[in-house]
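Shown here: target_9.pdb, PDB, C-alpha atoms.
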ATOM      1  CA  MET A   1       8.221 -17.861  20.482
ATOM      2  CA  ALA A   2       5.337 -15.447  19.943
ATOM      3  CA  GLY A   3       7.682 -12.467  20.139
ATOM      4  CA  THR A   4      10.084 -14.017  17.648
ATOM      5  CA  THR A   5       7.262 -14.831  15.248
ATOM      6  CA  GLU A   6       5.937 -11.266  15.453
ATOM      7  CA  THR A   7       9.427  -9.902  14.777
ATOM      8  CA  LEU A   8       9.672 -12.045  11.657
ATOM      9  CA  ILE A   9       6.208 -11.031  10.487
ATOM     10  CA  THR A  10       7.066  -7.354  10.951
ATOM     11  CA  ALA A  11      10.305  -7.790   9.016
ATOM     12  CA  ILE A  12       8.623  -9.550   6.087
ATOM     13  CA  LEU A  13       5.867  -6.928   5.971
ATOM     14  CA  ASN A  14       8.474  -4.171   5.976
ATOM     15  CA  TRP A  15      10.337  -5.862   3.115
ATOM     16  CA  ILE A  16       7.100  -5.939   1.125
ATOM     17  CA  ASP A  17       6.468  -2.263   1.929
ATOM     18  CA  ILE A  18       9.893  -1.083   0.751
ATOM     19  CA  GLY A  19      10.097  -3.399  -2.253
ATOM     20  CA  ARG A  20      12.770  -5.761  -0.964
ATOM     21  CA  LEU A  21      10.186  -8.489  -1.564
ATOM     22  CA  ASN A  22       7.985  -8.304  -4.658
ATOM     23  CA  PRO A  23       5.130 -10.455  -5.978
ATOM     24  CA  GLY A  24       6.335 -13.949  -6.809
ATOM     25  CA  ASP A  25       9.571 -13.656  -4.802
ATOM     26  CA  LEU A  26      10.542 -16.717  -2.794
ATOM     27  CA  ILE A  27      10.415 -16.493   0.993
ATOM     28  CA  ASP A  28      13.781 -18.046   1.786
ATOM     29  CA  GLU A  29      13.436 -19.849   5.134
ATOM     30  CA  THR A  30      17.186 -20.430   5.403
ATOM     31  CA  GLN A  31      17.904 -16.742   4.863
ATOM     32  CA  LEU A  32      15.443 -15.780   7.608
ATOM     33  CA  VAL A  33      16.919 -18.377   9.990
ATOM     34  CA  ASN A  34      20.424 -17.041   9.412
ATOM     35  CA  GLU A  35      19.555 -13.338   9.373
ATOM     36  CA  PHE A  36      17.527 -13.421  12.591
ATOM     37  CA  GLY A  37      19.358 -16.224  14.367
ATOM     38  CA  VAL A  38      16.207 -18.273  14.962
ATOM     39  CA  SER A  39      15.024 -21.829  14.375
ATOM     40  CA  ARG A  40      12.769 -22.807  11.498
ATOM     41  CA  THR A  41       9.741 -23.121  13.792
ATOM     42  CA  PRO A  42       9.005 -19.360  14.225
ATOM     43  CA  VAL A  43       9.898 -18.786  10.573
ATOM     44  CA  ARG A  44       7.285 -21.301   9.457
ATOM     45  CA  GLU A  45       4.753 -19.904  11.933
ATOM     46  CA  ALA A  46       5.294 -16.411  10.518
ATOM     47  CA  ILE A  47       4.810 -17.721   6.983
ATOM     48  CA  LEU A  48       1.609 -19.524   7.993
ATOM     49  CA  GLN A  49       0.173 -16.377   9.572
ATOM     50  CA  LEU A  50       0.983 -14.285   6.504
ATOM     51  CA  GLU A  51      -0.481 -16.973   4.282
ATOM     52  CA  ALA A  52      -3.698 -16.827   6.322
ATOM     53  CA  VAL A  53      -4.192 -13.149   5.422
ATOM     54  CA  GLY A  54      -3.352 -13.734   1.762
ATOM     55  CA  LEU A  55       0.052 -12.036   1.604
ATOM     56  CA  ILE A  56       2.002 -15.240   1.017
ATOM     57  CA  GLN A  57       1.044 -18.247  -1.069
ATOM     58  CA  ARG A  58       2.441 -21.756  -1.255
ATOM     59  CA  LEU A  59       3.039 -23.150  -4.722
ATOM     60  CA  PRO A  60       3.769 -26.796  -5.589
ATOM     61  CA  ARG A  61       7.523 -27.452  -5.652
ATOM     62  CA  LYS A  62       8.243 -23.708  -5.218
ATOM     63  CA  GLY A  63       7.702 -23.219  -1.513
ATOM     64  CA  ALA A  64       6.296 -20.000  -0.080
ATOM     65  CA  THR A  65       6.254 -16.900  -2.267
ATOM     66  CA  VAL A  66       4.921 -13.378  -1.981
ATOM     67  CA  PHE A  67       1.366 -13.341  -3.325
ATOM     68  CA  ARG A  68       1.222 -12.679  -7.070
ATOM     69  CA  PRO A  69      -2.331 -12.117  -8.284
ATOM     70  CA  SER A  70      -3.810 -13.124 -11.607
ATOM     71  CA  LEU A  71      -5.477 -10.336 -13.583
ATOM     72  CA  GLU A  72      -8.873 -11.393 -12.247
ATOM     73  CA  GLU A  73      -7.573 -11.445  -8.660
ATOM     74  CA  PHE A  74      -5.784  -8.132  -9.148
ATOM     75  CA  LEU A  75      -8.918  -6.358 -10.346
ATOM     76  CA  ALA A  76     -11.004  -7.874  -7.536
ATOM     77  CA  ILE A  77      -8.506  -6.789  -4.873
ATOM     78  CA  LEU A  78      -8.244  -3.341  -6.437
ATOM     79  CA  GLU A  79     -12.022  -2.944  -6.368
ATOM     80  CA  VAL A  80     -12.126  -3.710  -2.647
ATOM     81  CA  HIS A  81      -9.095  -1.540  -1.922
ATOM     82  CA  ALA A  82     -10.597   1.456  -3.717
ATOM     83  CA  LYS A  83     -13.763   1.107  -1.633
ATOM     84  CA  LEU A  84     -11.789   0.928   1.617
ATOM     85  CA  GLU A  85      -9.670   3.980   0.744
ATOM     86  CA  ALA A  86     -12.784   5.885  -0.307
ATOM     87  CA  GLN A  87     -14.513   5.029   2.953
ATOM     88  CA  ALA A  88     -11.492   6.305   4.884
ATOM     89  CA  ALA A  89     -11.538   9.587   2.962
ATOM     90  CA  GLY A  90     -15.245  10.029   3.689
ATOM     91  CA  LEU A  91     -14.767   9.384   7.388
ATOM     92  CA  ALA A  92     -11.761  11.706   7.493
ATOM     93  CA  ALA A  93     -13.883  14.499   6.027
ATOM     94  CA  ARG A  94     -16.441  14.042   8.801
ATOM     95  CA  ARG A  95     -14.010  13.523  11.680
ATOM     96  CA  LEU A  96     -10.951  15.598  10.794
ATOM     97  CA  SER A  97      -9.261  17.114  13.843
ATOM     98  CA  ASN A  98      -6.985  20.140  13.749
ATOM     99  CA  ALA A  99      -3.963  17.939  14.387
ATOM    100  CA  TRP A 100      -4.761  15.554  11.534
ATOM    101  CA  ALA A 101      -5.577  18.486   9.259
ATOM    102  CA  ALA A 102      -2.049  19.793   9.824
ATOM    103  CA  SER A 103      -0.559  16.343   9.196
ATOM    104  CA  LEU A 104      -2.569  15.937   6.007
ATOM    105  CA  GLU A 105      -1.517  19.350   4.718
ATOM    106  CA  LEU A 106       2.125  18.439   5.358
ATOM    107  CA  ALA A 107       1.746  15.104   3.554
ATOM    108  CA  VAL A 108       0.222  16.830   0.524
ATOM    109  CA  ARG A 109       2.882  19.539   0.438
ATOM    110  CA  ASN A 110       5.650  16.946   0.581
ATOM    111  CA  CYS A 111       4.154  15.190  -2.456
ATOM    112  CA  GLU A 112       3.793  18.487  -4.325
ATOM    113  CA  GLU A 113       7.345  19.556  -3.508
ATOM    114  CA  HIS A 114       8.748  16.231  -4.711
ATOM    115  CA  ALA A 115       6.790  16.533  -7.965
ATOM    116  CA  ARG A 116       8.094  20.080  -8.522
ATOM    117  CA  GLN A 117      11.683  19.258  -7.671
ATOM    118  CA  TYR A 118      12.148  15.902  -9.372
ATOM    119  CA  GLY A 119       9.428  15.597 -12.015
ATOM    120  CA  ASP A 120       9.314  11.973 -13.123
ATOM    121  CA  ALA A 121      12.606  11.154 -11.380
ATOM    122  CA  GLU A 122      12.938   9.390  -7.999
ATOM    123  CA  PRO A 123       9.664   7.418  -8.239
ATOM    124  CA  ASP A 124      10.535   5.192  -5.277
ATOM    125  CA  SER A 125      11.055   8.221  -3.038
ATOM    126  CA  TYR A 126       7.768   9.678  -4.197
ATOM    127  CA  TYR A 127       6.016   6.420  -3.508
ATOM    128  CA  GLN A 128       7.007   6.575   0.154
ATOM    129  CA  LEU A 129       5.461  10.068   0.326
ATOM    130  CA  ASN A 130       2.382   8.701  -1.398
ATOM    131  CA  LEU A 131       2.090   5.987   1.241
ATOM    132  CA  ARG A 132       2.337   8.613   3.960
ATOM    133  CA  PHE A 133      -0.497  10.616   2.385
ATOM    134  CA  HIS A 134      -2.801   7.596   2.257
ATOM    135  CA  GLU A 135      -1.834   6.527   5.763
ATOM    136  CA  THR A 136      -2.615  10.025   7.076
ATOM    137  CA  VAL A 137      -6.069   9.971   5.493
ATOM    138  CA  ALA A 138      -6.745   6.552   7.010
ATOM    139  CA  LEU A 139      -5.529   7.659  10.453
ATOM    140  CA  ALA A 140      -7.645  10.801  10.249
ATOM    141  CA  ALA A 141     -10.684   8.564   9.692
ATOM    142  CA  GLY A 142     -10.337   7.461  13.313
ATOM    143  CA  ASN A 143     -11.185   3.796  12.743
ATOM    144  CA  PRO A 144      -8.303   1.437  13.611
ATOM    145  CA  PHE A 145     -10.076  -1.617  12.164
ATOM    146  CA  LEU A 146     -10.523   0.104   8.816
ATOM    147  CA  LEU A 147      -6.873   1.167   8.945
ATOM    148  CA  GLU A 148      -5.696  -2.431   9.392
ATOM    149  CA  MET A 149      -7.946  -3.638   6.578
ATOM    150  CA  ILE A 150      -6.482  -1.006   4.273
ATOM    151  CA  LYS A 151      -2.909  -1.895   5.211
ATOM    152  CA  THR A 152      -3.410  -5.630   4.719
ATOM    153  CA  ASN A 153      -5.163  -5.199   1.389
ATOM    154  CA  ALA A 154      -2.706  -2.548   0.180
ATOM    155  CA  ARG A 155       0.271  -4.846   0.672
ATOM    156  CA  LYS A 156      -1.117  -7.121  -2.051
ATOM    157  CA  LEU A 157      -0.890  -4.173  -4.452
ATOM    158  CA  LEU A 158       2.100  -2.130  -3.229
ATOM    159  CA  ALA A 159       4.559  -3.357  -5.849
ATOM    160  CA  TYR A 160       2.124  -2.497  -8.634
ATOM    161  CA  TYR A 161       1.366   0.970  -7.316
ATOM    162  CA  ARG A 162       5.103   1.534  -6.943
ATOM    163  CA  ALA A 163       5.653   0.521 -10.569
ATOM    164  CA  ARG A 164       2.862   2.855 -11.662
ATOM    165  CA  TYR A 165       4.934   5.891 -10.675
ATOM    166  CA  ARG A 166       7.557   4.989 -13.265
ATOM    167  CA  TYR A 167       5.130   6.109 -15.997
ATOM    168  CA  ALA A 168       5.684   9.615 -17.396
ATOM    169  CA  GLY A 169       3.501  12.196 -15.675
ATOM    170  CA  ALA A 170       2.215   9.815 -13.013
ATOM    171  CA  ILE A 171       3.911  11.607 -10.103
ATOM    172  CA  ALA A 172       2.610  15.055 -11.033
ATOM    173  CA  SER A 173      -0.894  13.662 -11.578
ATOM    174  CA  SER A 174      -0.815  11.895  -8.220
ATOM    175  CA  ALA A 175       0.284  15.034  -6.374
ATOM    176  CA  ARG A 176      -2.517  17.066  -7.996
ATOM    177  CA  GLU A 177      -5.083  14.445  -7.017
ATOM    178  CA  HIS A 178      -3.768  14.394  -3.452
ATOM    179  CA  ARG A 179      -4.344  18.150  -3.241
ATOM    180  CA  ALA A 180      -7.880  17.757  -4.622
ATOM    181  CA  ILE A 181      -8.725  14.979  -2.156
ATOM    182  CA  ALA A 182      -7.311  16.960   0.760
ATOM    183  CA  ALA A 183      -9.302  20.039  -0.255
ATOM    184  CA  LEU A 184     -12.517  18.025  -0.168
ATOM    185  CA  ILE A 185     -11.602  16.605   3.238
ATOM    186  CA  PHE A 186     -10.782  20.092   4.577
ATOM    187  CA  ASP A 187     -14.160  21.290   3.265
ATOM    188  CA  ARG A 188     -15.897  18.424   5.120
ATOM    189  CA  ASN A 189     -17.240  17.184   1.787
ATOM    190  CA  SER A 190     -17.564  13.523   2.665
ATOM    191  CA  GLU A 191     -19.268  12.367  -0.546
ATOM    192  CA  GLY A 192     -16.855  14.296  -2.734
ATOM    193  CA  ALA A 193     -13.817  12.985  -0.857
ATOM    194  CA  GLU A 194     -15.047   9.400  -1.198
ATOM    195  CA  ALA A 195     -15.669   9.747  -4.921
ATOM    196  CA  MET A 196     -12.351  11.470  -5.614
ATOM    197  CA  MET A 197     -10.368   8.973  -3.571
ATOM    198  CA  GLN A 198     -11.985   6.042  -5.357
ATOM    199  CA  ARG A 199     -11.075   7.503  -8.762
ATOM    200  CA  HIS A 200      -7.544   8.182  -7.512
ATOM    201  CA  VAL A 201      -6.934   4.630  -6.298
ATOM    202  CA  GLN A 202      -8.691   2.744  -9.094
ATOM    203  CA  PHE A 203      -7.234   2.251 -12.565
ATOM    204  CA  ASP A 204      -8.406   0.541 -15.718
ATOM    205  CA  GLN A 205      -7.872  -3.029 -16.881
ATOM    206  CA  ILE A 206      -5.302  -2.069 -19.520
ATOM    207  CA  THR A 207      -3.126  -0.359 -16.914
ATOM    208  CA  ALA A 208      -3.556  -3.362 -14.630
ATOM    209  CA  MET A 209      -2.406  -5.685 -17.404
ATOM    210  CA  ASP A 210       0.627  -3.468 -18.064
ATOM    211  CA  LEU A 211       1.615  -3.459 -14.387
ATOM    212  CA  LEU A 212       1.170  -7.207 -14.043
ATOM    213  CA  ALA A 213       3.402  -7.689 -17.084
ATOM    214  CA  VAL A 214       6.099  -5.405 -15.674
ATOM    215  CA  LEU A 215       6.366  -7.508 -12.514
ATOM    216  CA  SER A 216       5.900 -10.947 -14.091
TER     217      SER A 216
END

Reformat the file's structure so that it appears as structure tokens.
Amino acid sequence: MAGTTETLITAILNWIDIGRLNPGDLIDETQLVNEFGVSRTPVREAILQLEAVGLIQRLPRKGATVFRPSLEEFLAILEVHAKLEAQAAGLAARRLSNAWAASLELAVRNCEEHARQYGDAEPDSYYQLNLRFHETVALAAGNPFLLEMIKTNARKLLAYYRARYRYAGAIASSAREHRAIAALIFDRNSEGAEAMMQRHVQFDQITAMDLLAVLS
């Protein structure tokens, strides 16, 4: 049972990551039962566990849906997420190994190459490269507990960050900021990396309202 539940949790998390499930989407128990060939018991257990970490919410007469934040919730989550990402960047600057330096350079170059080749096109492809950049920074920080906190919190915002890259110029701006953050990390400038990462992740209330409207 535990293995089946974990498989379902992993699948749902992956669907959130790639945009198959977006905020407000219904978690269809029957679909999961049929797709994975399981009973409803592990499906409901998976939903309960994801609800416990705030990724799924139960609404009256609507069943379980992917968490959709209000503006107030969105801004509060974003504030925490920016702090977590900034902390990871600061730790990465202090702890960066040669291996993670090479991985970070590759992640940045991939973002830059995509921006040069496609401009504002292919935002979903760029977003996957963006995720890899942020994951590399978090891994380079060398703190697995911080990494899990970032991943859990980020999943509440992934759809909105993905939508953000559909705005003109957003991809090129993101790639430039990735290079600036990486340069600070390579220079072992912990305070600078933290500050730059926080500015990179955070955005203003007007943008938040626009993104919430896009996915409403």

key: Long-range neighbours of range 125-130 of chain A as a ChimeraX atom specification, 12 Å cut-off, all atoms listed in the file, 6 positions minimum in chain   = /A:17-19,104,106-119,136-137,158-166,170-179,200-201

Output C-alpha atoms for every residue in that selection, as an mmCIF file, keeping the file's coordinate frame.
data_model
loop_
_atom_site.group_PDB
_atom_site.id
_atom_site.type_symbol
_atom_site.label_atom_id
_atom_site.label_comp_id
_atom_site.auth_asym_id
_atom_site.auth_seq_id
_atom_site.Cartn_x
_atom_site.Cartn_y
_atom_site.Cartn_z
ATOM 1 C CA ASP A 17 6.468 -2.263 1.929
ATOM 2 C CA ILE A 18 9.893 -1.083 0.751
ATOM 3 C CA GLY A 19 10.097 -3.399 -2.253
ATOM 4 C CA LEU A 104 -2.569 15.937 6.007
ATOM 5 C CA LEU A 106 2.125 18.439 5.358
ATOM 6 C CA ALA A 107 1.746 15.104 3.554
ATOM 7 C CA VAL A 108 0.222 16.830 0.524
ATOM 8 C CA ARG A 109 2.882 19.539 0.438
ATOM 9 C CA ASN A 110 5.650 16.946 0.581
ATOM 10 C CA CYS A 111 4.154 15.190 -2.456
ATOM 11 C CA GLU A 112 3.793 18.487 -4.325
ATOM 12 C CA GLU A 113 7.345 19.556 -3.508
ATOM 13 C CA HIS A 114 8.748 16.231 -4.711
ATOM 14 C CA ALA A 115 6.790 16.533 -7.965
ATOM 15 C CA ARG A 116 8.094 20.080 -8.522
ATOM 16 C CA GLN A 117 11.683 19.258 -7.671
ATOM 17 C CA TYR A 118 12.148 15.902 -9.372
ATOM 18 C CA GLY A 119 9.428 15.597 -12.015
ATOM 19 C CA THR A 136 -2.615 10.025 7.076
ATOM 20 C CA VAL A 137 -6.069 9.971 5.493
ATOM 21 C CA LEU A 158 2.100 -2.130 -3.229
ATOM 22 C CA ALA A 159 4.559 -3.357 -5.849
ATOM 23 C CA TYR A 160 2.124 -2.497 -8.634
ATOM 24 C CA TYR A 161 1.366 0.970 -7.316
ATOM 25 C CA ARG A 162 5.103 1.534 -6.943
ATOM 26 C CA ALA A 163 5.653 0.521 -10.569
ATOM 27 C CA ARG A 164 2.862 2.855 -11.662
ATOM 28 C CA TYR A 165 4.934 5.891 -10.675
ATOM 29 C CA ARG A 166 7.557 4.989 -13.265
ATOM 30 C CA ALA A 170 2.215 9.815 -13.013
ATOM 31 C CA ILE A 171 3.911 11.607 -10.103
ATOM 32 C CA ALA A 172 2.610 15.055 -11.033
ATOM 33 C CA SER A 173 -0.894 13.662 -11.578
ATOM 34 C CA SER A 174 -0.815 11.895 -8.220
ATOM 35 C CA ALA A 175 0.284 15.034 -6.374
ATOM 36 C CA ARG A 176 -2.517 17.066 -7.996
ATOM 37 C CA GLU A 177 -5.083 14.445 -7.017
ATOM 38 C CA HIS A 178 -3.768 14.394 -3.452
ATOM 39 C CA ARG A 179 -4.344 18.150 -3.241
ATOM 40 C CA HIS A 200 -7.544 8.182 -7.512
ATOM 41 C CA VAL A 201 -6.934 4.630 -6.298
#

message = List the spatial neighbours of Glu45 in chain A as a list in words - criterion: any atom at most 12 Å away, all atoms listed in the file, same-chain residues fewer than 3 positions off excluded.
response =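 Selected residues are Met1, Ala2, Gly3, Thr4, Thr5, Glu6, Thr7, Leu8, Ile9, Glu29, Val38, Ser39, Arg40, Thr41, Pro42, Leu48, Gln49, Leu50, Glu51 and Ala52 of chain A.
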
For the residues in the current selection, export C-alpha atoms as a PDB file, in the coordinates of the input.
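File out06.pdb, as written:
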ATOM      1  CA  MET A   1       8.221 -17.861  20.482  1.00  0.00           C
ATOM      2  CA  ALA A   2       5.337 -15.447  19.943  1.00  0.00           C
ATOM      3  CA  GLY A   3       7.682 -12.467  20.139  1.00  0.00           C
ATOM      4  CA  THR A   4      10.084 -14.017  17.648  1.00  0.00           C
ATOM      5  CA  THR A   5       7.262 -14.831  15.248  1.00  0.00           C
ATOM      6  CA  GLU A   6       5.937 -11.266  15.453  1.00  0.00           C
ATOM      7  CA  THR A   7       9.427  -9.902  14.777  1.00  0.00           C
ATOM      8  CA  LEU A   8       9.672 -12.045  11.657  1.00  0.00           C
ATOM      9  CA  ILE A   9       6.208 -11.031  10.487  1.00  0.00           C
ATOM     10  CA  GLU A  29      13.436 -19.849   5.134  1.00  0.00           C
ATOM     11  CA  VAL A  38      16.207 -18.273  14.962  1.00  0.00           C
ATOM     12  CA  SER A  39      15.024 -21.829  14.375  1.00  0.00           C
ATOM     13  CA  ARG A  40      12.769 -22.807  11.498  1.00  0.00           C
ATOM     14  CA  THR A  41       9.741 -23.121  13.792  1.00  0.00           C
ATOM     15  CA  PRO A  42       9.005 -19.360  14.225  1.00  0.00           C
ATOM     16  CA  LEU A  48       1.609 -19.524   7.993  1.00  0.00           C
ATOM     17  CA  GLN A  49       0.173 -16.377   9.572  1.00  0.00           C
ATOM     18  CA  LEU A  50       0.983 -14.285   6.504  1.00  0.00           C
ATOM     19  CA  GLU A  51      -0.481 -16.973   4.282  1.00  0.00           C
ATOM     20  CA  ALA A  52      -3.698 -16.827   6.322  1.00  0.00           C
TER      21      ALA A  52
END

ask   = If the PyMOL selection byres ((chain A and resi 76-84) around 12) is run on the structure shown, which residues does it catch, given as a VMD selection string?
value = chain A and resid 54 to 55 67 to 75 85 to 91 134 137 to 138 141 143 145 to 158 160 to 161 193 to 205 208

ask   = Do you have the CA of Leu211 in chain A-CA of Thr65 in chain A distance handy?
value = 18.7 Å

Give the padded box for range 117-133 of chain A as lines of an AutoDock Vina configuration file: axis-aligned, covering all atoms listed in the file, 8 Å on each side, centre and edge lengths in Å to one decimal.
center_x = 6.2
center_y = 12.2
center_z = -4.6
size_x = 29.4
size_y = 30.1
size_z = 33.1

request  = Measure the distance from CA of Gly169 in chain A to CA of Arg20 in chain A in Å and round it to one decimal.
outcome  =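 These two atoms are separated by 25.0 Å.
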
task = Could you check which of A:Leu215, A:Asn34, A:Leu26, A:Leu139 is closest to Arg95 in chain A, using only C-alpha atoms?
result = A:Leu139

query = When distances are computed from only C-alpha atoms, which of A:Gly142, A:Tyr167, A:Leu32, A:Arg44 shows the smallest separation from Ser97 in chain A?
reply =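 For Ser97 in chain A, the nearest of the given residues is A:Gly142.
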
Contact residues around Leu96 in chain A with only C-alpha atoms at 8 Å, ignoring same-chain residues under 6 positions, as a PyMOL selection string = chain A and resi 140-141+185-186

query = So how far away is CA of Thr10 in chain A from CA of Phe36 in chain A, in Å?
reply = 12.2 Å
